[in-house]
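Printed here is input09.cif (mmCIF, C-alpha atoms and all ligand atoms):
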```
data_upload
loop_
_atom_site.group_PDB
_atom_site.id
_atom_site.type_symbol
_atom_site.label_atom_id
_atom_site.label_comp_id
_atom_site.auth_asym_id
_atom_site.auth_seq_id
_atom_site.Cartn_x
_atom_site.Cartn_y
_atom_site.Cartn_z
ATOM 1 C CA MET K 1 -38.327 -5.628 -4.711
ATOM 2 C CA HIS K 2 -39.946 -3.210 -2.271
ATOM 3 C CA SER K 3 -37.828 -2.860 0.849
ATOM 4 C CA THR K 4 -38.200 -0.932 4.058
ATOM 5 C CA VAL K 5 -35.161 0.802 5.498
ATOM 6 C CA PHE K 6 -34.313 2.558 8.749
ATOM 7 C CA LEU K 7 -33.126 6.174 8.607
ATOM 8 C CA ASN K 8 -32.628 8.361 11.681
ATOM 9 C CA GLY K 9 -35.413 6.738 13.685
ATOM 10 C CA GLU K 10 -37.887 6.440 10.784
ATOM 11 C CA TRP K 11 -39.026 3.449 8.763
ATOM 12 C CA LEU K 12 -39.228 4.325 5.062
ATOM 13 C CA ALA K 13 -39.568 2.774 1.636
ATOM 14 C CA ALA K 14 -35.987 2.607 0.305
ATOM 15 C CA ALA K 15 -36.749 5.061 -2.530
ATOM 16 C CA ALA K 16 -38.066 7.630 -0.040
ATOM 17 C CA ALA K 17 -34.985 7.575 2.221
ATOM 18 C CA LYS K 18 -32.905 10.715 1.658
ATOM 19 C CA VAL K 19 -29.696 12.038 3.227
ATOM 20 C CA SER K 20 -28.480 15.665 3.196
ATOM 21 C CA VAL K 21 -25.948 16.771 0.553
ATOM 22 C CA TYR K 22 -24.038 18.204 3.523
ATOM 23 C CA ASP K 23 -23.744 14.824 5.156
ATOM 24 C CA ARG K 24 -20.116 14.241 6.107
ATOM 25 C CA GLY K 25 -20.416 10.720 4.759
ATOM 26 C CA PHE K 26 -21.061 12.216 1.298
ATOM 27 C CA LEU K 27 -18.491 15.026 1.618
ATOM 28 C CA PHE K 28 -15.641 13.268 3.416
ATOM 29 C CA ALA K 29 -16.522 9.556 3.787
ATOM 30 C CA ASP K 30 -16.580 10.441 7.488
ATOM 31 C CA GLY K 31 -18.342 7.385 8.821
ATOM 32 C CA ILE K 32 -18.350 3.681 9.475
ATOM 33 C CA TYR K 33 -20.435 0.674 8.520
ATOM 34 C CA GLU K 34 -21.127 -2.817 9.762
ATOM 35 C CA VAL K 35 -22.473 -5.950 8.098
ATOM 36 C CA VAL K 36 -24.365 -8.642 10.013
ATOM 37 C CA PRO K 37 -25.337 -11.882 8.239
ATOM 38 C CA VAL K 38 -28.841 -13.231 8.833
ATOM 39 C CA TYR K 39 -29.887 -16.852 8.262
ATOM 40 C CA GLN K 40 -33.562 -17.754 8.341
ATOM 41 C CA ARG K 41 -34.257 -14.377 9.966
ATOM 42 C CA ARG K 42 -31.741 -15.017 12.750
ATOM 43 C CA PRO K 43 -28.734 -12.682 13.004
ATOM 44 C CA PHE K 44 -25.430 -14.578 13.197
ATOM 45 C CA LEU K 45 -22.679 -13.480 15.630
ATOM 46 C CA MET K 46 -24.557 -10.193 16.079
ATOM 47 C CA ALA K 47 -23.015 -9.257 19.440
ATOM 48 C CA ASP K 48 -19.511 -9.539 17.952
ATOM 49 C CA HIS K 49 -20.466 -7.426 14.924
ATOM 50 C CA LEU K 50 -22.049 -4.730 17.082
ATOM 51 C CA ALA K 51 -19.048 -4.688 19.429
ATOM 52 C CA ARG K 52 -16.769 -4.108 16.417
ATOM 53 C CA MET K 53 -19.124 -1.347 15.243
ATOM 54 C CA GLU K 54 -18.741 0.367 18.622
ATOM 55 C CA ARG K 55 -14.947 0.098 18.321
ATOM 56 C CA SER K 56 -15.048 1.707 14.844
ATOM 57 C CA LEU K 57 -17.195 4.569 16.196
ATOM 58 C CA ALA K 58 -14.893 5.071 19.181
ATOM 59 C CA ALA K 59 -11.808 5.153 16.918
ATOM 60 C CA LEU K 60 -13.354 8.048 14.946
ATOM 61 C CA ASN K 61 -14.878 9.760 17.962
ATOM 62 C CA ILE K 62 -18.377 9.558 16.459
ATOM 63 C CA THR K 63 -21.175 9.644 19.009
ATOM 64 C CA ALA K 64 -23.975 7.261 18.048
ATOM 65 C CA PRO K 65 -26.280 4.743 19.706
ATOM 66 C CA GLY K 66 -24.687 1.482 20.772
ATOM 67 C CA ALA K 67 -25.366 -2.238 20.477
ATOM 68 C CA ASP K 68 -28.735 -2.417 22.304
ATOM 69 C CA TYR K 69 -30.267 0.219 20.034
ATOM 70 C CA TRP K 70 -29.043 -1.542 16.890
ATOM 71 C CA GLN K 71 -30.161 -4.929 18.080
ATOM 72 C CA ALA K 72 -33.707 -3.548 18.297
ATOM 73 C CA VAL K 73 -33.355 -1.914 14.854
ATOM 74 C CA ILE K 74 -32.199 -5.207 13.325
ATOM 75 C CA THR K 75 -35.132 -7.085 14.874
ATOM 76 C CA GLU K 76 -37.602 -4.597 13.450
ATOM 77 C CA LEU K 77 -35.837 -4.420 10.078
ATOM 78 C CA LEU K 78 -36.232 -8.191 9.756
ATOM 79 C CA ALA K 79 -39.891 -8.004 10.796
ATOM 80 C CA ARG K 80 -40.633 -5.268 8.226
ATOM 81 C CA ASN K 81 -38.991 -7.038 5.269
ATOM 82 C CA GLN K 82 -39.562 -10.373 3.546
ATOM 83 C CA LEU K 83 -35.971 -11.616 3.298
ATOM 84 C CA ASP K 84 -35.100 -14.800 5.203
ATOM 85 C CA ASP K 85 -31.368 -14.853 4.422
ATOM 86 C CA ALA K 86 -29.825 -11.412 4.284
ATOM 87 C CA LEU K 87 -26.980 -9.090 5.094
ATOM 88 C CA VAL K 88 -27.886 -6.223 7.416
ATOM 89 C CA TYR K 89 -25.933 -3.102 6.435
ATOM 90 C CA ILE K 90 -25.637 -0.439 9.133
ATOM 91 C CA GLN K 91 -24.158 2.859 7.942
ATOM 92 C CA ILE K 92 -23.322 5.611 10.452
ATOM 93 C CA THR K 93 -21.806 8.967 9.561
ATOM 94 C CA ARG K 94 -20.788 11.846 11.824
ATOM 95 C CA GLY K 95 -23.800 13.811 10.548
ATOM 96 C CA ALA K 96 -24.442 16.904 8.426
ATOM 97 C CA GLU K 97 -23.530 20.586 8.739
ATOM 98 C CA ALA K 98 -23.692 23.249 6.021
ATOM 99 C CA ASN K 99 -20.279 24.651 6.900
ATOM 100 C CA ARG K 100 -17.861 22.528 4.860
ATOM 101 C CA SER K 101 -14.869 22.001 7.067
ATOM 102 C CA HIS K 102 -12.544 19.053 7.624
ATOM 103 C CA ILE K 103 -12.836 19.662 11.336
ATOM 104 C CA PRO K 104 -16.483 19.615 12.426
ATOM 105 C CA THR K 105 -17.544 23.065 13.651
ATOM 106 C CA SER K 106 -20.718 22.119 15.505
ATOM 107 C CA ALA K 107 -22.208 19.318 17.526
ATOM 108 C CA MET K 108 -23.974 17.058 15.041
ATOM 109 C CA SER K 109 -26.383 14.168 15.251
ATOM 110 C CA ALA K 110 -24.947 11.105 13.600
ATOM 111 C CA THR K 111 -26.768 9.893 10.482
ATOM 112 C CA LEU K 112 -28.109 6.403 11.183
ATOM 113 C CA PHE K 113 -29.076 4.054 8.384
ATOM 114 C CA ALA K 114 -29.859 0.335 8.191
ATOM 115 C CA SER K 115 -31.034 -1.794 5.280
ATOM 116 C CA LEU K 116 -31.135 -5.422 4.157
ATOM 117 C CA SER K 117 -29.469 -6.981 1.120
ATOM 118 C CA PRO K 118 -30.274 -10.495 -0.095
ATOM 119 C CA LEU K 119 -27.746 -13.184 0.855
ATOM 120 C CA ASN K 120 -27.253 -16.218 -1.336
ATOM 121 C CA VAL K 121 -26.557 -18.853 1.288
ATOM 122 C CA HIS K 122 -24.916 -22.096 0.331
ATOM 123 C CA TRP K 123 -25.102 -25.215 2.428
ATOM 124 C CA HIS K 124 -22.637 -27.231 0.355
ATOM 125 C CA GLN K 125 -18.957 -26.819 -0.282
ATOM 126 C CA PRO K 126 -18.492 -23.806 -2.577
ATOM 127 C CA ALA K 127 -16.454 -24.214 -5.774
ATOM 128 C CA PRO K 128 -12.892 -22.869 -5.345
ATOM 129 C CA LEU K 129 -12.094 -19.422 -6.772
ATOM 130 C CA ALA K 130 -8.932 -17.760 -8.087
ATOM 131 C CA VAL K 131 -7.217 -14.682 -6.611
ATOM 132 C CA THR K 132 -4.558 -12.288 -7.896
ATOM 133 C CA LEU K 133 -1.706 -10.935 -5.802
ATOM 134 C CA LEU K 134 -1.774 -7.112 -5.656
ATOM 135 C CA ASP K 135 -0.052 -4.443 -3.571
ATOM 136 C CA ASP K 136 -2.146 -3.313 -0.638
ATOM 137 C CA ILE K 137 -2.584 0.371 -1.493
ATOM 138 C CA ARG K 138 -5.060 1.084 1.318
ATOM 139 C CA TRP K 139 -4.545 3.395 4.285
ATOM 140 C CA LEU K 140 -2.940 2.317 7.568
ATOM 141 C CA ARG K 141 -6.124 2.061 9.667
ATOM 142 C CA CYS K 142 -7.726 -0.928 7.974
ATOM 143 C CA ASP K 143 -8.867 -2.044 11.455
ATOM 144 C CA ILE K 144 -11.612 0.618 11.315
ATOM 145 C CA LYS K 145 -14.619 -0.458 9.225
ATOM 146 C CA SER K 146 -14.683 2.903 7.481
ATOM 147 C CA ILE K 147 -17.066 3.769 4.642
ATOM 148 C CA SER K 148 -14.009 5.177 2.869
ATOM 149 C CA LEU K 149 -13.453 2.143 0.633
ATOM 150 C CA LEU K 150 -11.747 3.569 -2.453
ATOM 151 C CA GLY K 151 -8.585 1.490 -2.046
ATOM 152 C CA ASN K 152 -10.682 -1.659 -1.637
ATOM 153 C CA ILE K 153 -12.834 -0.759 -4.649
ATOM 154 C CA MET K 154 -9.855 -0.017 -6.914
ATOM 155 C CA LEU K 155 -8.202 -3.307 -5.964
ATOM 156 C CA LYS K 156 -11.390 -5.317 -6.346
ATOM 157 C CA GLN K 157 -12.021 -3.754 -9.764
ATOM 158 C CA GLN K 158 -8.483 -4.490 -10.899
ATOM 159 C CA ALA K 159 -8.884 -8.129 -9.827
ATOM 160 C CA HIS K 160 -12.298 -8.440 -11.496
ATOM 161 C CA ASN K 161 -11.082 -6.821 -14.725
ATOM 162 C CA SER K 162 -8.438 -9.523 -15.035
ATOM 163 C CA GLY K 163 -10.913 -12.310 -14.267
ATOM 164 C CA PHE K 164 -10.171 -12.954 -10.575
ATOM 165 C CA ALA K 165 -12.724 -13.247 -7.801
ATOM 166 C CA GLU K 166 -10.691 -11.268 -5.277
ATOM 167 C CA PRO K 167 -7.329 -9.566 -4.875
ATOM 168 C CA LEU K 168 -4.935 -11.116 -2.365
ATOM 169 C CA LEU K 169 -3.185 -8.132 -0.831
ATOM 170 C CA GLN K 170 0.488 -7.875 0.097
ATOM 171 C CA ARG K 171 2.241 -5.215 2.121
ATOM 172 C CA ASP K 172 5.995 -5.242 2.761
ATOM 173 C CA GLY K 173 6.320 -8.877 1.714
ATOM 174 C CA TYR K 174 3.442 -10.238 3.819
ATOM 175 C CA ILE K 175 -0.167 -11.097 3.013
ATOM 176 C CA THR K 176 -2.659 -8.827 4.767
ATOM 177 C CA GLU K 177 -6.145 -9.837 3.561
ATOM 178 C CA GLY K 178 -8.512 -9.581 0.563
ATOM 179 C CA ALA K 179 -10.355 -6.409 -0.472
ATOM 180 C CA SER K 180 -13.437 -7.523 1.485
ATOM 181 C CA CYS K 181 -12.377 -10.684 3.321
ATOM 182 C CA ASN K 182 -9.663 -12.174 5.513
ATOM 183 C CA PHE K 183 -6.976 -14.599 4.381
ATOM 184 C CA PHE K 184 -6.095 -18.058 5.706
ATOM 185 C CA ALA K 185 -3.315 -20.397 4.642
ATOM 186 C CA VAL K 186 -2.753 -24.037 5.553
ATOM 187 C CA ARG K 187 0.737 -25.509 5.541
ATOM 188 C CA ASP K 188 1.702 -28.903 6.982
ATOM 189 C CA GLY K 189 -1.649 -29.062 8.771
ATOM 190 C CA VAL K 190 -1.168 -25.701 10.519
ATOM 191 C CA VAL K 191 -3.752 -22.943 9.915
ATOM 192 C CA TYR K 192 -2.256 -19.451 9.495
ATOM 193 C CA THR K 193 -3.948 -16.077 9.373
ATOM 194 C CA ALA K 194 -2.613 -12.532 9.649
ATOM 195 C CA PRO K 195 -2.478 -11.236 13.234
ATOM 196 C CA LYS K 196 -4.877 -8.473 14.241
ATOM 197 C CA SER K 197 -3.277 -5.096 13.622
ATOM 198 C CA HIS K 198 -4.048 -1.778 11.946
ATOM 199 C CA LEU K 199 -3.287 -3.503 8.610
ATOM 200 C CA ILE K 200 -6.399 -5.723 8.493
ATOM 201 C CA LEU K 201 -10.051 -5.629 9.392
ATOM 202 C CA PRO K 202 -10.560 -7.913 12.396
ATOM 203 C CA GLY K 203 -13.145 -10.097 10.675
ATOM 204 C CA ILE K 204 -15.878 -11.637 12.777
ATOM 205 C CA THR K 205 -15.899 -14.644 10.419
ATOM 206 C CA ARG K 206 -12.111 -14.837 10.873
ATOM 207 C CA ASP K 207 -12.503 -15.071 14.657
ATOM 208 C CA HIS K 208 -15.293 -17.614 14.388
ATOM 209 C CA THR K 209 -13.263 -19.724 11.941
ATOM 210 C CA LEU K 210 -10.275 -19.662 14.323
ATOM 211 C CA GLU K 211 -12.567 -20.815 17.115
ATOM 212 C CA LEU K 212 -13.915 -23.655 14.931
ATOM 213 C CA ALA K 213 -10.375 -24.658 13.946
ATOM 214 C CA ARG K 214 -9.340 -24.847 17.607
ATOM 215 C CA GLU K 215 -12.449 -26.895 18.434
ATOM 216 C CA LEU K 216 -11.469 -29.288 15.640
ATOM 217 C CA GLY K 217 -8.072 -29.680 17.315
ATOM 218 C CA LEU K 218 -6.200 -27.912 14.507
ATOM 219 C CA GLU K 219 -3.081 -25.908 15.280
ATOM 220 C CA VAL K 220 -3.664 -22.236 14.474
ATOM 221 C CA ARG K 221 -1.098 -19.448 14.249
ATOM 222 C CA GLU K 222 -1.991 -15.777 14.005
ATOM 223 C CA GLU K 223 1.244 -14.885 12.268
ATOM 224 C CA ALA K 224 2.154 -12.771 9.262
ATOM 225 C CA PHE K 225 2.414 -15.067 6.213
ATOM 226 C CA ALA K 226 5.239 -14.183 3.814
ATOM 227 C CA VAL K 227 4.572 -13.830 0.090
ATOM 228 C CA ALA K 228 7.784 -15.842 -0.398
ATOM 229 C CA ASP K 229 6.127 -18.806 1.378
ATOM 230 C CA LEU K 230 3.014 -18.878 -0.831
ATOM 231 C CA ALA K 231 4.610 -21.483 -3.114
ATOM 232 C CA GLN K 232 4.789 -23.929 -0.185
ATOM 233 C CA LEU K 233 1.240 -23.624 1.053
ATOM 234 C CA ASP K 234 -1.123 -26.577 0.837
ATOM 235 C CA GLU K 235 -4.448 -24.766 1.065
ATOM 236 C CA LEU K 236 -5.780 -21.233 0.938
ATOM 237 C CA PHE K 237 -9.178 -19.851 1.842
ATOM 238 C CA LEU K 238 -10.873 -16.529 2.491
ATOM 239 C CA THR K 239 -13.475 -15.645 5.101
ATOM 240 C CA SER K 240 -16.148 -12.964 5.365
ATOM 241 C CA SER K 241 -19.779 -12.599 6.360
ATOM 242 C CA SER K 242 -20.856 -12.907 2.735
ATOM 243 C CA ARG K 243 -18.244 -15.400 1.474
ATOM 244 C CA GLU K 244 -18.256 -17.476 4.709
ATOM 245 C CA VAL K 245 -15.340 -19.952 4.269
ATOM 246 C CA GLN K 246 -14.338 -19.712 0.600
ATOM 247 C CA PRO K 247 -11.738 -22.136 -0.818
ATOM 248 C CA ILE K 248 -9.143 -20.702 -3.245
ATOM 249 C CA ASP K 249 -7.403 -22.947 -5.762
ATOM 250 C CA ARG K 250 -5.164 -20.497 -7.645
ATOM 251 C CA ILE K 251 -3.094 -17.368 -7.088
ATOM 252 C CA ASP K 252 -2.545 -15.880 -10.543
ATOM 253 C CA ALA K 253 -1.015 -18.804 -12.529
ATOM 254 C CA MET K 254 0.009 -20.761 -9.411
ATOM 255 C CA ILE K 255 -2.229 -23.723 -8.549
ATOM 256 C CA ILE K 256 -2.554 -24.360 -4.819
ATOM 257 C CA GLY K 257 -2.234 -27.928 -3.558
ATOM 258 C CA ASN K 258 -3.863 -30.251 -6.080
ATOM 259 C CA GLY K 259 -6.229 -27.558 -7.323
ATOM 260 C CA GLU K 260 -9.209 -28.711 -5.286
ATOM 261 C CA CYS K 261 -10.679 -27.691 -1.966
ATOM 262 C CA GLY K 262 -8.182 -29.101 0.570
ATOM 263 C CA PRO K 263 -9.153 -31.312 3.536
ATOM 264 C CA VAL K 264 -8.636 -28.673 6.267
ATOM 265 C CA THR K 265 -10.661 -26.100 4.325
ATOM 266 C CA ALA K 266 -13.406 -28.696 3.729
ATOM 267 C CA GLN K 267 -13.516 -29.433 7.468
ATOM 268 C CA LEU K 268 -13.871 -25.725 8.255
ATOM 269 C CA VAL K 269 -16.536 -25.194 5.588
ATOM 270 C CA ALA K 270 -18.513 -28.059 7.161
ATOM 271 C CA ALA K 271 -18.002 -26.693 10.679
ATOM 272 C CA TYR K 272 -19.172 -23.252 9.549
ATOM 273 C CA HIS K 273 -22.306 -24.751 7.998
ATOM 274 C CA ALA K 274 -22.904 -26.602 11.263
ATOM 275 C CA SER K 275 -22.735 -23.274 13.161
ATOM 276 C CA LYS K 276 -25.355 -21.795 10.830
ATOM 277 C CA ARG K 277 -27.504 -24.896 11.156
ATOM 278 C CA LYS K 278 -27.298 -24.651 14.950
ATOM 279 C CA LEU K 279 -28.445 -21.052 14.738
ATOM 280 C CA CYS K 280 -31.369 -21.972 12.522
ATOM 281 C CA GLU K 281 -32.117 -25.228 14.375
ATOM 282 C CA ILE K 282 -32.213 -27.019 11.044
ATOM 283 C CA SER K 283 -31.277 -30.656 11.534
HETATM 284 N N1 LIG K 301 -16.608 -7.191 4.304
HETATM 285 N N2 LIG K 301 -11.653 -7.543 5.481
HETATM 286 C C1 LIG K 301 -12.307 -6.560 4.835
HETATM 287 C C2 LIG K 301 -11.506 -5.487 4.185
HETATM 288 C C3 LIG K 301 -13.718 -6.560 4.777
HETATM 289 O O1 LIG K 301 -14.380 -5.585 4.143
HETATM 290 C C4 LIG K 301 -14.441 -7.629 5.388
HETATM 291 C C5 LIG K 301 -15.944 -7.685 5.391
HETATM 292 C C6 LIG K 301 -13.702 -8.635 6.046
HETATM 293 C C7 LIG K 301 -14.396 -9.782 6.746
HETATM 294 O O2 LIG K 301 -15.082 -9.335 7.892
HETATM 295 P P1 LIG K 301 -16.332 -10.143 8.477
HETATM 296 O O3 LIG K 301 -15.884 -11.546 8.628
HETATM 297 O O4 LIG K 301 -16.587 -9.483 9.778
HETATM 298 O O5 LIG K 301 -17.450 -10.012 7.487
HETATM 299 C C8 LIG K 301 -12.319 -8.557 6.083
HETATM 300 C C9 LIG K 301 -18.044 -7.130 4.357
HETATM 301 C C10 LIG K 301 -18.695 -8.438 4.268
HETATM 302 C C11 LIG K 301 -18.531 -6.161 3.332
HETATM 303 O O6 LIG K 301 -17.800 -5.222 3.069
HETATM 304 O O7 LIG K 301 -19.631 -6.319 2.826
#
```

Please express the file's structure as structure tokens.
Amino acid sequence: MHSTVFLNGEWLAAAAAKVSVYDRGFLFADGIYEVVPVYQRRPFLMADHLARMERSLAALNITAPGADYWQAVITELLARNQLDDALVYIQITRGAEANRSHIPTSAMSATLFASLSPLNVHWHQPAPLAVTLLDDIRWLRCDIKSISLLGNIMLKQQAHNSGFAEPLLQRDGYITEGASCNFFAVRDGVVYTAPKSHLILPGITRDHTLELARELGLEVREEAFAVADLAQLDELFLTSSSREVQPIDRIDAMIIGNGECGPVTAQLVAAYHASKRKLCEIS
């Protein structure tokens, strides 16, 4: 499908958008990205996504336009393309310079790119998926939404090659997150998720789900969840902009609960759909 993308202030057909071979994103993965879900042409939780993008840029000392600029880009990107439900991908690198050096040797203009990908939105409870427990081999600044995703890709591939939808990552005996989503456990009616730290990406869907859980009167604990306690959990689900609230019914050979989407997860799936519906004003 023909799509129009944004590159460094220009609107181009995707096939015509080109980046320098000296771009530090290409040479060093020196950049960040952000993903904003769009339902019926309305961006969801955009301010939170753009605030996180600014935090990623600040952590890497990359100078680039901030939230207001990107809000305008997203509006125009949606106007120039035909997709109703989509994921906006913003990619920002430190820029390009011909002198290949780990430490930048000149002032550079950041490379700015935005495009849309189709999003398959579901309005019903998704079927549960299975995950596999793997060691979290990623770096120690997972809080930055870096374009350097090799650890995530290797783990995701390993999970996929053995027939699992997602790896469930463990570090030092505790669950961190998935390769592209956050992790939630439910035990005795209490909702657990890993605390924000340099070991996880602070997911916007995670925060929104915590807010929904609190509104529903559920007890939530942002506490590290031990691998040793997985056998006792009643429910497990993952969250991300693309997966939304995704029930999990199996970790490797271990069935969780009764092998169906649990009641707390179902409540949160419904609450998440209600948030989307509110955004779209669909009754
Ligand atoms: N992934 N953890 C990791 C490692 C992620 O890559 C993501 C998002 C999340 C969830 O974040 P959010 O709720 O803000 O989407 C957690 C996006 C969707 C991606 O890489 O496409």

Fewer than 4 positions away in the same chain doesn't count, so skip those; otherwise give me all residues within 12 Å of Trp139 in chain K, counting all atoms listed in the file, as a list in words.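 Counting only the stated atoms, we get Asp135, Asp143, Ile144, Lys145, Ser146, Ser148, Leu149, Leu150, Gly151, Asn152, Arg171, His198, Leu199, Ile200 and Leu201 of chain K.
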
Could you give me the residues within 9 Å of ligand LIG 301 (chain K), counting all atoms listed in the file, as a PDB file with C-alpha atoms, in the frame of the given file?
```
ATOM      1  CA  TYR K  33     -20.435   0.674   8.520  1.00  0.00           C
ATOM      2  CA  GLU K  34     -21.127  -2.817   9.762  1.00  0.00           C
ATOM      3  CA  VAL K  35     -22.473  -5.950   8.098  1.00  0.00           C
ATOM      4  CA  VAL K  36     -24.365  -8.642  10.013  1.00  0.00           C
ATOM      5  CA  PRO K  37     -25.337 -11.882   8.239  1.00  0.00           C
ATOM      6  CA  ASP K  48     -19.511  -9.539  17.952  1.00  0.00           C
ATOM      7  CA  HIS K  49     -20.466  -7.426  14.924  1.00  0.00           C
ATOM      8  CA  ARG K  52     -16.769  -4.108  16.417  1.00  0.00           C
ATOM      9  CA  LEU K  87     -26.980  -9.090   5.094  1.00  0.00           C
ATOM     10  CA  TYR K  89     -25.933  -3.102   6.435  1.00  0.00           C
ATOM     11  CA  CYS K 142      -7.726  -0.928   7.974  1.00  0.00           C
ATOM     12  CA  ASP K 143      -8.867  -2.044  11.455  1.00  0.00           C
ATOM     13  CA  LYS K 145     -14.619  -0.458   9.225  1.00  0.00           C
ATOM     14  CA  LEU K 149     -13.453   2.143   0.633  1.00  0.00           C
ATOM     15  CA  ASN K 152     -10.682  -1.659  -1.637  1.00  0.00           C
ATOM     16  CA  GLU K 177      -6.145  -9.837   3.561  1.00  0.00           C
ATOM     17  CA  GLY K 178      -8.512  -9.581   0.563  1.00  0.00           C
ATOM     18  CA  ALA K 179     -10.355  -6.409  -0.472  1.00  0.00           C
ATOM     19  CA  SER K 180     -13.437  -7.523   1.485  1.00  0.00           C
ATOM     20  CA  CYS K 181     -12.377 -10.684   3.321  1.00  0.00           C
ATOM     21  CA  ASN K 182      -9.663 -12.174   5.513  1.00  0.00           C
ATOM     22  CA  PHE K 183      -6.976 -14.599   4.381  1.00  0.00           C
ATOM     23  CA  ILE K 200      -6.399  -5.723   8.493  1.00  0.00           C
ATOM     24  CA  LEU K 201     -10.051  -5.629   9.392  1.00  0.00           C
ATOM     25  CA  PRO K 202     -10.560  -7.913  12.396  1.00  0.00           C
ATOM     26  CA  GLY K 203     -13.145 -10.097  10.675  1.00  0.00           C
ATOM     27  CA  ILE K 204     -15.878 -11.637  12.777  1.00  0.00           C
ATOM     28  CA  THR K 205     -15.899 -14.644  10.419  1.00  0.00           C
ATOM     29  CA  ARG K 206     -12.111 -14.837  10.873  1.00  0.00           C
ATOM     30  CA  ASP K 207     -12.503 -15.071  14.657  1.00  0.00           C
ATOM     31  CA  HIS K 208     -15.293 -17.614  14.388  1.00  0.00           C
ATOM     32  CA  LEU K 238     -10.873 -16.529   2.491  1.00  0.00           C
ATOM     33  CA  THR K 239     -13.475 -15.645   5.101  1.00  0.00           C
ATOM     34  CA  SER K 240     -16.148 -12.964   5.365  1.00  0.00           C
ATOM     35  CA  SER K 241     -19.779 -12.599   6.360  1.00  0.00           C
ATOM     36  CA  SER K 242     -20.856 -12.907   2.735  1.00  0.00           C
ATOM     37  CA  ARG K 243     -18.244 -15.400   1.474  1.00  0.00           C
ATOM     38  CA  GLU K 244     -18.256 -17.476   4.709  1.00  0.00           C
TER      39      GLU K 244
END
```

Go ahead and compute the interatomic distance for CA of Leu134 in chain K and CA of Ile175 in chain K, in Å to one decimal.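 Those two atoms sit 9.7 Å apart.
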
Select, counting all atoms listed in the file, all protein, DNA and RNA residues no farther than 12 Å from (3.5, -12.2, 3.0) in file coordinates, and express the selection as a ChimeraX atom specification. /K:133-136,168-177,183-185,192-195,223-231,233

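CA of Val5 in chain K lies 15.7 Å from CA of Val38 in chain K.
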
CA of Tyr22 in chain K to CA of Ala64 in chain K: how many Å, to one decimal? 18.2 Å

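In this comparison, which uses all atoms listed in the file, the residue of K:Leu140, K:Gly257, K:Ala17, K:Leu83 approaching Arg42 in chain K most closely is K:Leu83.
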
Please identify all polymer residues within 10 Å of Pro263 in chain K, counting all atoms listed in the file, omitting same-chain residues fewer than 6 positions from it, and present them as a PyMOL selection string. chain K and resi 186+189+234-235+269

Which residues, named as in the file, does the PyMOL selection byres (((chain K and resi 276) around 10) and not hetatm) pick out? Answer as a compact mmCIF listing (two decimals) with C-alpha atoms, in the frame of the given file.
```txt
# COMPACT_ATOMS: atom_id res chain seq x y z
CA VAL K 38 -28.84 -13.23 8.83
CA TYR K 39 -29.89 -16.85 8.26
CA GLN K 40 -33.56 -17.75 8.34
CA ARG K 42 -31.74 -15.02 12.75
CA PRO K 43 -28.73 -12.68 13.00
CA PHE K 44 -25.43 -14.58 13.20
CA LEU K 45 -22.68 -13.48 15.63
CA TRP K 123 -25.10 -25.22 2.43
CA ALA K 270 -18.51 -28.06 7.16
CA ALA K 271 -18.00 -26.69 10.68
CA TYR K 272 -19.17 -23.25 9.55
CA HIS K 273 -22.31 -24.75 8.00
CA ALA K 274 -22.90 -26.60 11.26
CA SER K 275 -22.74 -23.27 13.16
CA ARG K 277 -27.50 -24.90 11.16
CA LYS K 278 -27.30 -24.65 14.95
CA LEU K 279 -28.44 -21.05 14.74
CA CYS K 280 -31.37 -21.97 12.52
CA GLU K 281 -32.12 -25.23 14.38
CA ILE K 282 -32.21 -27.02 11.04
```

Output of the PyMOL selection byres (((chain K and resi 104) around 12) and not hetatm), listed as number ranges by chain: K: 22-24, 27-28, 30, 61-62, 94-103, 105-109

Option closest in space to Leu212 in chain K, from K:Ala159, K:Cys261, K:Leu268, K:Asp249 [counting only C-alpha atoms]: K:Leu268

Padding of 8 Å on every side, edges along x, y and z, all listed atoms of range 50-61 of chain K included: what centre and edge lengths in Å, to one decimal, does that box have, as AutoDock Vina command-line options?
```
--center_x -16.9 --center_y 2.5 --center_z 17.1 --size_x 26.2 --size_y 30.5 --size_z 20.6
```

From the list K:Glu76, K:Glu54, K:Glu166, K:Asp84, which residue is nearest Ile251 in chain K when using only C-alpha atoms?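 Nearest candidate to Ile251 in chain K out of K:Glu76, K:Glu54, K:Glu166, K:Asp84: K:Glu166.
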
Restricting the calculation to only C-alpha atoms, which member of K:Arg141, K:Arg187, K:Arg55, K:Arg41 is positioned closest to Pro118 in chain K? K:Arg41

Name the residues in contact with range 66-69 of chain K at a cut-off of 8 Å, using all atoms listed in the file, excluding same-chain residues fewer than 5 positions from it; report them as a list in words.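 The contact residues come out as Ala47, Leu50, Ala51 and Glu54 of chain K.
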